[in-house]
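Asker: Structure file my_file-v4.txt, compact mmCIF, C-alpha atoms (C1' of nucleotides), is pasted below:
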```txt
# COMPACT_ATOMS: atom_id res chain seq x y z
CA MET A 1 14.59 -81.98 -16.20
CA SER A 2 16.44 -85.26 -16.63
CA PRO A 3 15.94 -87.47 -19.68
CA GLN A 4 13.01 -89.87 -19.33
CA PRO A 5 12.25 -93.01 -21.21
CA GLY A 6 10.30 -91.92 -24.26
CA ASP A 7 12.24 -88.67 -24.69
CA PHE A 8 14.02 -88.04 -27.95
CA THR A 9 17.15 -86.06 -28.64
CA ILE A 10 16.84 -83.73 -31.59
CA GLY A 11 18.67 -86.27 -33.74
CA GLU A 12 16.29 -89.05 -32.75
CA ALA A 13 13.25 -86.85 -33.29
CA ALA A 14 14.65 -85.91 -36.69
CA ARG A 15 15.14 -89.54 -37.68
CA ALA A 16 11.73 -90.54 -36.33
CA SER A 17 9.95 -87.76 -38.23
CA GLY A 18 11.98 -87.53 -41.40
CA VAL A 19 12.79 -83.86 -40.79
CA LYS A 20 16.41 -82.74 -40.65
CA VAL A 21 17.95 -81.65 -37.36
CA THR A 22 18.57 -78.12 -38.62
CA THR A 23 15.03 -77.95 -39.95
CA VAL A 24 13.59 -79.02 -36.59
CA ARG A 25 15.35 -76.07 -34.96
CA PHE A 26 14.15 -73.86 -37.79
CA TYR A 27 10.54 -74.91 -37.20
CA GLU A 28 10.95 -74.12 -33.51
CA SER A 29 12.26 -70.66 -34.41
CA ARG A 30 9.20 -70.16 -36.64
CA GLY A 31 6.83 -71.14 -33.85
CA LEU A 32 5.59 -74.28 -35.63
CA LEU A 33 7.03 -76.58 -33.01
CA PRO A 34 6.87 -75.63 -29.30
CA ALA A 35 10.24 -75.25 -27.59
CA PRO A 36 10.76 -78.51 -25.68
CA PRO A 37 12.27 -78.85 -22.20
CA ARG A 38 16.05 -79.17 -22.03
CA SER A 39 18.39 -81.64 -20.41
CA GLU A 40 20.98 -80.58 -17.82
CA GLY A 41 23.42 -80.23 -20.69
CA ASN A 42 21.00 -77.88 -22.51
CA ARG A 43 19.92 -80.44 -25.10
CA ARG A 44 16.35 -80.41 -26.39
CA LEU A 45 14.26 -83.29 -25.07
CA TYR A 46 11.32 -84.15 -27.30
CA ALA A 47 8.25 -86.23 -26.42
CA GLN A 48 6.29 -88.38 -28.88
CA SER A 49 3.85 -85.50 -29.39
CA HIS A 50 6.65 -83.40 -30.85
CA VAL A 51 7.57 -86.17 -33.23
CA ASP A 52 3.93 -86.45 -34.31
CA ARG A 53 3.79 -82.73 -34.93
CA LEU A 54 6.98 -82.86 -36.99
CA ARG A 55 5.49 -85.66 -39.08
CA PHE A 56 2.39 -83.56 -39.63
CA ILE A 57 4.52 -80.64 -40.77
CA ARG A 58 6.63 -82.79 -43.03
CA HIS A 59 3.65 -84.35 -44.72
CA ALA A 60 1.95 -81.00 -45.23
CA ARG A 61 5.15 -79.56 -46.70
CA GLU A 62 5.45 -82.55 -49.04
CA LEU A 63 1.97 -81.68 -50.26
CA GLY A 64 3.23 -78.20 -51.05
CA PHE A 65 1.52 -76.26 -48.28
CA ALA A 66 3.38 -73.07 -47.35
CA LEU A 67 4.67 -72.88 -43.78
CA GLU A 68 2.00 -70.28 -43.07
CA ASP A 69 -0.69 -72.74 -44.15
CA VAL A 70 0.95 -75.45 -42.11
CA ALA A 71 0.84 -73.17 -39.08
CA THR A 72 -2.88 -72.57 -39.65
CA LEU A 73 -3.58 -76.26 -40.10
CA LEU A 74 -1.69 -77.02 -36.89
CA SER A 75 -3.57 -74.43 -34.87
CA LEU A 76 -6.86 -75.72 -36.29
CA SER A 77 -5.93 -79.28 -35.41
CA ASP A 78 -5.23 -78.11 -31.87
CA GLU A 79 -8.91 -77.10 -31.52
CA PRO A 80 -10.84 -80.23 -32.48
CA ASP A 81 -14.29 -78.76 -31.74
CA GLN A 82 -14.15 -76.10 -34.45
CA SER A 83 -15.74 -76.68 -37.82
CA CYS A 84 -13.36 -78.15 -40.31
CA ALA A 85 -14.52 -75.73 -43.04
CA ALA A 86 -11.31 -73.70 -42.73
CA VAL A 87 -9.22 -76.83 -43.09
CA ASP A 88 -11.19 -77.83 -46.15
CA ALA A 89 -10.78 -74.36 -47.68
CA ILE A 90 -6.99 -74.48 -47.27
CA ALA A 91 -6.83 -77.92 -48.82
CA ARG A 92 -9.03 -76.86 -51.75
CA ALA A 93 -6.97 -73.72 -52.35
CA GLN A 94 -3.86 -75.87 -52.41
CA ARG A 95 -5.52 -78.25 -54.86
CA ALA A 96 -6.39 -75.34 -57.13
CA GLU A 97 -2.82 -74.05 -56.95
CA VAL A 98 -1.47 -77.47 -57.90
CA THR A 99 -3.82 -77.57 -60.87
CA ARG A 100 -2.66 -74.14 -62.03
CA ARG A 101 0.98 -75.13 -61.77
CA ILE A 102 0.43 -78.32 -63.73
CA ALA A 103 -1.30 -76.39 -66.51
CA ARG A 104 1.52 -73.88 -66.60
CA LEU A 105 4.21 -76.55 -66.68
CA GLU A 106 2.43 -78.45 -69.43
CA ALA A 107 2.36 -75.32 -71.56
CA LEU A 108 6.08 -74.88 -70.93
CA GLY A 109 6.67 -78.50 -71.86
CA VAL A 110 4.93 -78.04 -75.18
CA GLU A 111 6.95 -74.97 -75.99
CA LEU A 112 10.23 -76.60 -74.97
CA ASP A 113 9.39 -79.62 -77.11
CA ARG A 114 8.76 -77.38 -80.09
CA MET A 115 12.08 -75.63 -79.55
CA ILE A 116 14.00 -78.87 -79.16
CA ALA A 117 12.34 -80.58 -82.12
CA THR A 118 13.38 -77.85 -84.52
CA CYS A 119 17.04 -77.92 -83.48
CA ALA A 120 18.89 -79.39 -86.43
CA GLY A 121 22.21 -79.72 -84.62
CA GLY A 122 24.13 -77.08 -86.53
CA THR A 123 25.77 -73.96 -85.11
CA VAL A 124 24.35 -71.56 -82.58
CA GLY A 125 23.85 -69.04 -85.37
CA GLU A 126 21.20 -71.21 -86.97
CA CYS A 127 19.87 -72.67 -83.74
CA ARG A 128 16.09 -72.63 -83.45
CA VAL A 129 16.24 -72.78 -79.67
CA ILE A 130 18.10 -69.50 -79.41
CA GLU A 131 15.97 -68.08 -82.16
CA SER A 132 12.69 -68.88 -80.52
CA LEU A 133 13.93 -67.37 -77.29
CA SER A 134 14.90 -64.21 -79.15
CA ASP A 135 11.96 -63.87 -81.50
CA HIS A 136 9.12 -64.30 -79.15
CA ALA A 137 6.62 -61.48 -79.48
CA HIS A 138 5.93 -59.37 -76.44
CA CYS A 139 2.63 -60.56 -75.08
CA ALA A 140 1.39 -58.83 -71.93
CA ALA A 141 3.42 -60.07 -68.98
CA ASP A 142 0.50 -61.52 -67.07
CA HIS A 143 2.57 -64.40 -65.76
CA PRO A 144 4.28 -63.05 -62.67
CA GLY A 145 7.02 -65.64 -63.23
CA PRO A 146 7.93 -68.96 -61.68
CA ALA A 147 5.96 -69.89 -58.60
CA PRO A 148 7.32 -72.00 -55.76
CA MET A 149 7.29 -75.80 -56.18
CA MET B 1 26.76 -39.20 -74.02
CA SER B 2 23.56 -37.36 -74.85
CA PRO B 3 20.27 -39.16 -75.50
CA GLN B 4 19.89 -40.23 -79.13
CA PRO B 5 16.81 -41.19 -81.05
CA GLY B 6 16.37 -44.89 -80.45
CA ASP B 7 17.63 -44.75 -76.88
CA PHE B 8 15.37 -45.99 -74.14
CA THR B 9 15.15 -44.91 -70.52
CA ILE B 10 15.02 -47.79 -68.08
CA GLY B 11 11.26 -47.35 -67.81
CA GLU B 12 10.82 -47.51 -71.58
CA ALA B 13 13.12 -50.51 -71.88
CA ALA B 14 11.13 -52.18 -69.11
CA ARG B 15 7.81 -51.58 -70.89
CA ALA B 16 9.22 -52.63 -74.25
CA SER B 17 10.59 -55.89 -72.87
CA GLY B 18 8.00 -56.79 -70.27
CA VAL B 19 10.63 -56.82 -67.49
CA LYS B 20 10.18 -54.61 -64.44
CA VAL B 21 12.45 -51.63 -63.88
CA THR B 22 13.88 -53.03 -60.68
CA THR B 23 14.43 -56.36 -62.37
CA VAL B 24 16.32 -54.71 -65.24
CA ARG B 25 18.74 -53.23 -62.71
CA PHE B 26 18.91 -56.59 -60.98
CA TYR B 27 19.87 -58.31 -64.25
CA GLU B 28 22.58 -55.71 -64.78
CA SER B 29 23.92 -56.40 -61.29
CA ARG B 30 23.98 -60.12 -62.14
CA GLY B 31 25.92 -59.53 -65.34
CA LEU B 32 23.10 -60.72 -67.62
CA LEU B 33 22.63 -57.30 -69.15
CA PRO B 34 25.66 -55.12 -69.96
CA ALA B 35 25.77 -51.78 -68.16
CA PRO B 36 24.51 -49.21 -70.67
CA PRO B 37 25.93 -45.72 -71.21
CA ARG B 38 24.46 -42.98 -69.04
CA SER B 39 22.89 -39.60 -69.78
CA GLU B 40 24.34 -36.40 -68.36
CA GLY B 41 21.92 -36.82 -65.49
CA ASN B 42 23.30 -40.34 -64.82
CA ARG B 43 20.27 -42.17 -66.25
CA ARG B 44 20.76 -45.46 -68.06
CA LEU B 45 20.34 -45.15 -71.83
CA TYR B 46 19.43 -48.42 -73.50
CA ALA B 47 19.65 -49.31 -77.19
CA GLN B 48 17.34 -51.71 -79.02
CA SER B 49 19.91 -54.49 -78.49
CA HIS B 50 19.42 -54.18 -74.73
CA VAL B 51 15.68 -54.46 -75.13
CA ASP B 52 16.13 -57.56 -77.30
CA ARG B 53 18.35 -59.09 -74.67
CA LEU B 54 15.82 -58.34 -71.96
CA ARG B 55 13.13 -60.03 -74.04
CA PHE B 56 15.36 -63.06 -74.46
CA ILE B 57 15.89 -63.23 -70.70
CA ARG B 58 12.20 -62.79 -69.97
CA HIS B 59 11.18 -65.51 -72.34
CA ALA B 60 13.78 -67.91 -71.01
CA ARG B 61 12.67 -67.18 -67.45
CA GLU B 62 9.04 -67.78 -68.41
CA LEU B 63 10.15 -71.18 -69.65
CA GLY B 64 11.59 -71.86 -66.22
CA PHE B 65 15.29 -71.61 -67.02
CA ALA B 66 17.37 -70.59 -64.01
CA LEU B 67 19.28 -67.33 -64.35
CA GLU B 68 22.48 -69.33 -64.56
CA ASP B 69 21.10 -71.22 -67.56
CA VAL B 70 19.92 -67.96 -69.07
CA ALA B 71 23.45 -66.58 -68.70
CA THR B 72 24.85 -69.62 -70.47
CA LEU B 73 22.28 -69.38 -73.27
CA LEU B 74 23.09 -65.71 -73.69
CA SER B 75 26.82 -66.26 -73.87
CA LEU B 76 26.25 -69.08 -76.38
CA SER B 77 24.02 -66.88 -78.49
CA ASP B 78 26.80 -64.30 -78.51
CA GLU B 79 29.06 -66.80 -80.32
CA PRO B 80 27.04 -67.93 -83.33
CA ASP B 81 29.80 -70.14 -84.80
CA GLN B 82 29.86 -72.63 -81.94
CA SER B 83 27.92 -75.86 -82.13
CA CYS B 84 24.47 -75.60 -80.69
CA ALA B 85 24.82 -78.91 -78.85
CA ALA B 86 25.22 -77.10 -75.52
CA VAL B 87 22.08 -75.09 -76.18
CA ASP B 88 20.20 -78.25 -77.00
CA ALA B 89 21.45 -79.95 -73.84
CA ILE B 90 20.25 -77.10 -71.63
CA ALA B 91 16.84 -77.12 -73.30
CA ARG B 92 16.53 -80.90 -72.93
CA ALA B 93 17.54 -80.77 -69.27
CA GLN B 94 14.89 -78.14 -68.72
CA ARG B 95 12.33 -80.30 -70.49
CA ALA B 96 13.22 -83.23 -68.25
CA GLU B 97 12.89 -81.04 -65.18
CA VAL B 98 9.46 -79.84 -66.30
CA THR B 99 8.38 -83.46 -66.77
CA ARG B 100 9.56 -84.38 -63.29
CA ARG B 101 7.70 -81.45 -61.73
CA ILE B 102 4.49 -82.31 -63.52
CA ALA B 103 4.68 -85.90 -62.28
CA ARG B 104 5.30 -84.73 -58.74
CA LEU B 105 2.45 -82.22 -58.84
CA GLU B 106 0.06 -84.79 -60.25
CA ALA B 107 0.84 -87.13 -57.39
CA LEU B 108 0.18 -84.29 -54.95
CA GLY B 109 -3.09 -83.53 -56.73
CA VAL B 110 -4.26 -87.10 -56.32
CA GLU B 111 -3.45 -87.10 -52.64
CA LEU B 112 -5.10 -83.72 -52.06
CA ASP B 113 -8.21 -84.94 -53.88
CA ARG B 114 -8.36 -88.01 -51.66
CA MET B 115 -8.07 -85.84 -48.56
CA ILE B 116 -10.70 -83.39 -49.71
CA ALA B 117 -13.14 -86.06 -50.88
CA THR B 118 -13.24 -87.72 -47.47
CA CYS B 119 -13.96 -84.50 -45.60
CA ALA B 120 -17.55 -84.83 -44.39
CA GLY B 121 -17.83 -81.23 -43.17
CA GLY B 122 -17.98 -81.91 -39.44
CA THR B 123 -15.58 -80.67 -36.78
CA VAL B 124 -11.82 -80.58 -36.92
CA GLY B 125 -11.72 -83.50 -34.50
CA GLU B 126 -13.27 -85.81 -37.07
CA CYS B 127 -11.68 -84.15 -40.10
CA ARG B 128 -10.05 -86.53 -42.55
CA VAL B 129 -7.77 -83.83 -43.92
CA ILE B 130 -6.09 -83.27 -40.58
CA GLU B 131 -6.14 -86.98 -39.94
CA SER B 132 -4.43 -87.89 -43.15
CA LEU B 133 -1.77 -85.27 -42.50
CA SER B 134 -1.21 -86.73 -39.04
CA ASP B 135 -1.42 -90.42 -39.80
CA HIS B 136 0.84 -90.68 -42.73
CA ALA B 137 3.41 -93.43 -42.26
CA HIS B 138 7.05 -92.45 -42.32
CA CYS B 139 8.34 -93.42 -45.73
CA ALA B 140 11.97 -92.60 -46.50
CA ALA B 141 12.30 -88.86 -47.13
CA ASP B 142 13.58 -89.15 -50.67
CA HIS B 143 11.79 -86.02 -51.79
CA PRO B 144 14.09 -83.17 -50.87
CA GLY B 145 11.06 -80.89 -50.80
CA PRO B 146 9.50 -78.33 -53.10
CA ALA B 147 11.54 -77.39 -56.14
CA PRO B 148 11.50 -73.97 -57.76
CA MET B 149 8.66 -73.21 -60.16
C1' DG C 1 42.08 -90.01 -16.93
C1' DC C 2 42.45 -88.96 -21.77
C1' DT C 3 41.45 -88.94 -26.42
C1' DT C 4 38.56 -89.76 -30.29
C1' DG C 5 34.55 -88.89 -32.59
C1' DC C 6 29.92 -88.08 -32.84
C1' DT C 7 26.00 -85.20 -31.53
C1' DC C 8 24.47 -81.02 -30.10
C1' DC C 9 24.51 -75.85 -29.07
C1' DT C 10 24.10 -70.73 -30.83
C1' DA C 11 24.45 -67.31 -34.14
C1' DC C 12 24.83 -65.74 -38.44
C1' DA C 13 25.55 -65.76 -43.58
C1' DG C 14 24.07 -67.61 -48.05
C1' DT C 15 20.72 -69.48 -51.57
C1' DG C 16 17.50 -67.80 -55.93
C1' DA C 17 15.17 -64.38 -58.02
C1' DC C 18 13.62 -60.99 -57.11
C1' DT C 19 10.58 -57.15 -54.24
C1' DG C 20 10.25 -53.34 -51.22
C1' DT C 21 11.90 -49.28 -48.89
C1' DA C 22 14.38 -44.82 -47.91
C1' DG C 23 16.19 -40.81 -49.22
C1' DA C 24 18.19 -38.11 -52.84
C1' DT C 25 18.05 -36.24 -57.91
C1' DG C 26 16.35 -35.41 -62.70
C1' DG C 27 13.34 -33.40 -65.63
C1' DC C 28 8.92 -32.08 -67.54
C1' DA C 29 4.33 -29.77 -67.22
C1' DT C 30 1.51 -26.31 -65.16
C1' DA D 1 8.24 -22.12 -58.78
C1' DT D 2 5.70 -25.99 -57.75
C1' DG D 3 4.19 -30.41 -58.18
C1' DC D 4 4.85 -34.84 -59.59
C1' DC D 5 6.59 -38.83 -61.65
C1' DA D 6 10.77 -41.30 -63.07
C1' DT D 7 15.09 -42.36 -61.81
C1' DC D 8 19.22 -42.99 -58.87
C1' DT D 9 21.86 -45.82 -55.04
C1' DA D 10 22.05 -48.87 -51.34
C1' DC D 11 20.30 -52.02 -48.50
C1' DA D 12 16.75 -54.98 -46.09
C1' DG D 13 13.14 -58.48 -46.67
C1' DT D 14 10.88 -62.62 -48.86
C1' DC D 15 10.58 -68.20 -48.52
C1' DA D 16 12.15 -72.31 -46.63
C1' DC D 17 15.60 -73.70 -45.62
C1' DT D 18 21.12 -74.93 -45.88
C1' DG D 19 25.74 -74.15 -44.64
C1' DT D 20 29.40 -72.53 -41.68
C1' DA D 21 32.08 -71.20 -37.51
C1' DG D 22 33.23 -71.99 -33.09
C1' DG D 23 32.16 -74.09 -29.17
C1' DA D 24 30.34 -77.83 -25.56
C1' DG D 25 28.22 -82.48 -24.23
C1' DC D 26 28.71 -87.23 -23.96
C1' DA D 27 29.75 -92.29 -24.71
C1' DA D 28 33.35 -95.59 -25.79
C1' DG D 29 38.02 -97.20 -26.17
C1' DC D 30 42.74 -97.11 -24.38
```
Take the structure in this file and express it as structure tokens.
Answerer:
Amino acid sequence: MSPQPGDFTIGEAARASGVKVTTVRFYESRGLLPAPPRSEGNRRLYAQSHVDRLRFIRHARELGFALEDVATLLSLSDEPDQSCAAVDAIARAQRAEVTRRIARLEALGVELDRMIATCAGGTVGECRVIESLSDHAHCAADHPGPAPM
Amino acid sequence: MSPQPGDFTIGEAARASGVKVTTVRFYESRGLLPAPPRSEGNRRLYAQSHVDRLRFIRHARELGFALEDVATLLSLSDEPDQSCAAVDAIARAQRAEVTRRIARLEALGVELDRMIATCAGGTVGECRVIESLSDHAHCAADHPGPAPM
DNA sequence: GCTTGCTCCTACAGTGACTGTAGATGGCAT
DNA sequence: ATGCCATCTACAGTCACTGTAGGAGCAAGC
């Protein structure tokens, strides 16, 4: 297959979509982007549809969707006659996750502010920041720790 | 070294600190927790000071500090005569990071809400969620993507 | 034709902070 | 002695990439 007008090299597709070259290849390896035809010199030759798909992926990732969710959204968008209930459910789950993370971060912010406010600028020995990290009572570890994003 | 009253097995230290057994070993491998003496049967024998240190690490992690920051905070807390300016700086940087993440997540929340609100419940073909993921104009990719936590 | 310099290729290792697994011991209760 | 859980080591897997090594393609300048 020889290059046609309208084909993109991987670099061009990357620029046009805002996804890095290495990440484009990574998405192909993950099955999110179909393997495109190649030039005689073995270069990937992308069509506009690939660029559109990359843009879709990039935007979904910016919204914090996991690659697995992105894959589901892509396969749903490939079947336009299905009900969009599944799409809606994924979006709502993501919204709920964002809400949870904001609440968590705001609680952290409050605690950090308290720690910082009580620091009088002396030595580490009398530092409230260190102290409040040390002293904290053991409350059941129901936070499984930092979540992505 | 034979077990003494006040020594903890790794499982006990884990329960007492709220850190998982595997994670305790992981922290040792990362140099955050000193390697404890062993029993005749090669089991780790922790003292109260180890448990305190684990609690410190857990609390700092819950506040979103990276392990590298935790290591720094620990080494600072081991030298109580130093100025606590470095401690304060780490805490303030963490506070700033939390603020940035909240702002980012709130922007995502707004966009997700817009997407969800316009979904009329029809087919994927007419779904606004998919559409808004597809349509989005290419604005400079200045968000390097999801950050930890 | 030759060189320079960029883009592109594959394949694999590294990131952070763990989690999970396999297979071998330790040690206590029944 | 038998079962069973806790513990041991060592290593692979997670997520979403990023970085590196070692080549090859390709256009432009000389």
Asker: Do you know which residues are at most 9 Å from range 89-102 of chain A counting only C-alpha atoms (C1' of nucleotides), after dropping those on the same chain fewer than 6 positions away, and could you put them as JSON, numbers by chain?
Answerer: {"A": [63, 64, 65, 69, 72, 73, 147, 149], "B": [101, 102, 103, 105, 106, 108, 109, 112, 113, 115, 116, 129, 149]}
Asker: Between CA of Ala85 in chain B and CA of Gly121 in chain A, what distance in Å does the model show, to one decimal?
Answerer: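 Result for CA of Ala85 in chain B versus CA of Gly121 in chain A: 6.4 Å, one decimal.
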Asker: Could you give me, as JSON lines, a per-residue list for chain C showing, wherever an atom lies at most 8 Å from an atom of chain A, the closest pair of atoms and their distance in Å to one decimal, using all atoms listed in the file and sorting by chain then residue number from low to high?
Answerer:
```
{"residue": "C:DT7", "atom": "C1'", "partner": "A:Gly11", "partner_atom": "CA", "distance": 7.7}
{"residue": "C:DC8", "atom": "C1'", "partner": "A:Arg43", "partner_atom": "CA", "distance": 6.8}
{"residue": "C:DC9", "atom": "C1'", "partner": "A:Arg43", "partner_atom": "CA", "distance": 7.6}
```
Asker: For chain D, work out the contacting residues on chain A at 10 Å, counting all atoms listed in the file, and write them as a PDB file with C-alpha atoms, in the frame of the given file.
Answerer:
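Saved to result-v3.pdb:
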```
ATOM      1  CA  THR A  22      18.570 -78.120 -38.620  1.00  0.00           C
ATOM      2  CA  THR A  23      15.030 -77.950 -39.950  1.00  0.00           C
ATOM      3  CA  PHE A  26      14.150 -73.860 -37.790  1.00  0.00           C
ATOM      4  CA  TYR A  27      10.540 -74.910 -37.200  1.00  0.00           C
ATOM      5  CA  GLU A  40      20.980 -80.580 -17.820  1.00  0.00           C
ATOM      6  CA  GLY A  41      23.420 -80.230 -20.690  1.00  0.00           C
ATOM      7  CA  ASN A  42      21.000 -77.880 -22.510  1.00  0.00           C
ATOM      8  CA  ARG A  43      19.920 -80.440 -25.100  1.00  0.00           C
ATOM      9  CA  ALA A  66       3.380 -73.070 -47.350  1.00  0.00           C
ATOM     10  CA  LEU A  67       4.670 -72.880 -43.780  1.00  0.00           C
ATOM     11  CA  PRO A 148       7.320 -72.000 -55.760  1.00  0.00           C
TER      12      PRO A 148
END
```
Asker: Could you tell me how far C1' of DA17 in chain C lies from CA of Leu33 in chain B, in Å and to one decimal?
Answerer: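 CA of Leu33 in chain B lies at a distance of 15.2 Å from C1' of DA17 in chain C.
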Asker: Work out how far CA of Arg25 in chain B is from CA of Leu76 in chain B, in Å to one decimal.
Answerer: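 One can read the CA of Leu76 in chain B to CA of Arg25 in chain B distance as 22.2 Å.
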Asker: Give the centre and edge lengths of an axis-aligned box, in Å to one decimal, that holds all listed atoms of range 36-50 of chain B with 4 Å on each side, as lines of an AutoDock Vina configuration file.
Answerer:
```
center_x = 21.6
center_y = -45.4
center_z = -71.9
size_x = 16.6
size_y = 26.1
size_z = 22.2
```
Asker: Would you please work out which residue, of B:Gln48, B:Ser132, B:Gln82, B:Ser75, is nearest to chain A when using all atoms listed in the file?
Answerer: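 Of all the options, B:Gln82 lies closest to chain A.
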Asker: Looking at B:Leu54, B:Pro34, B:Arg128, B:Gly18, which one is nearest to chain A, with distances taken over only C-alpha atoms?
Answerer: B:Gly18
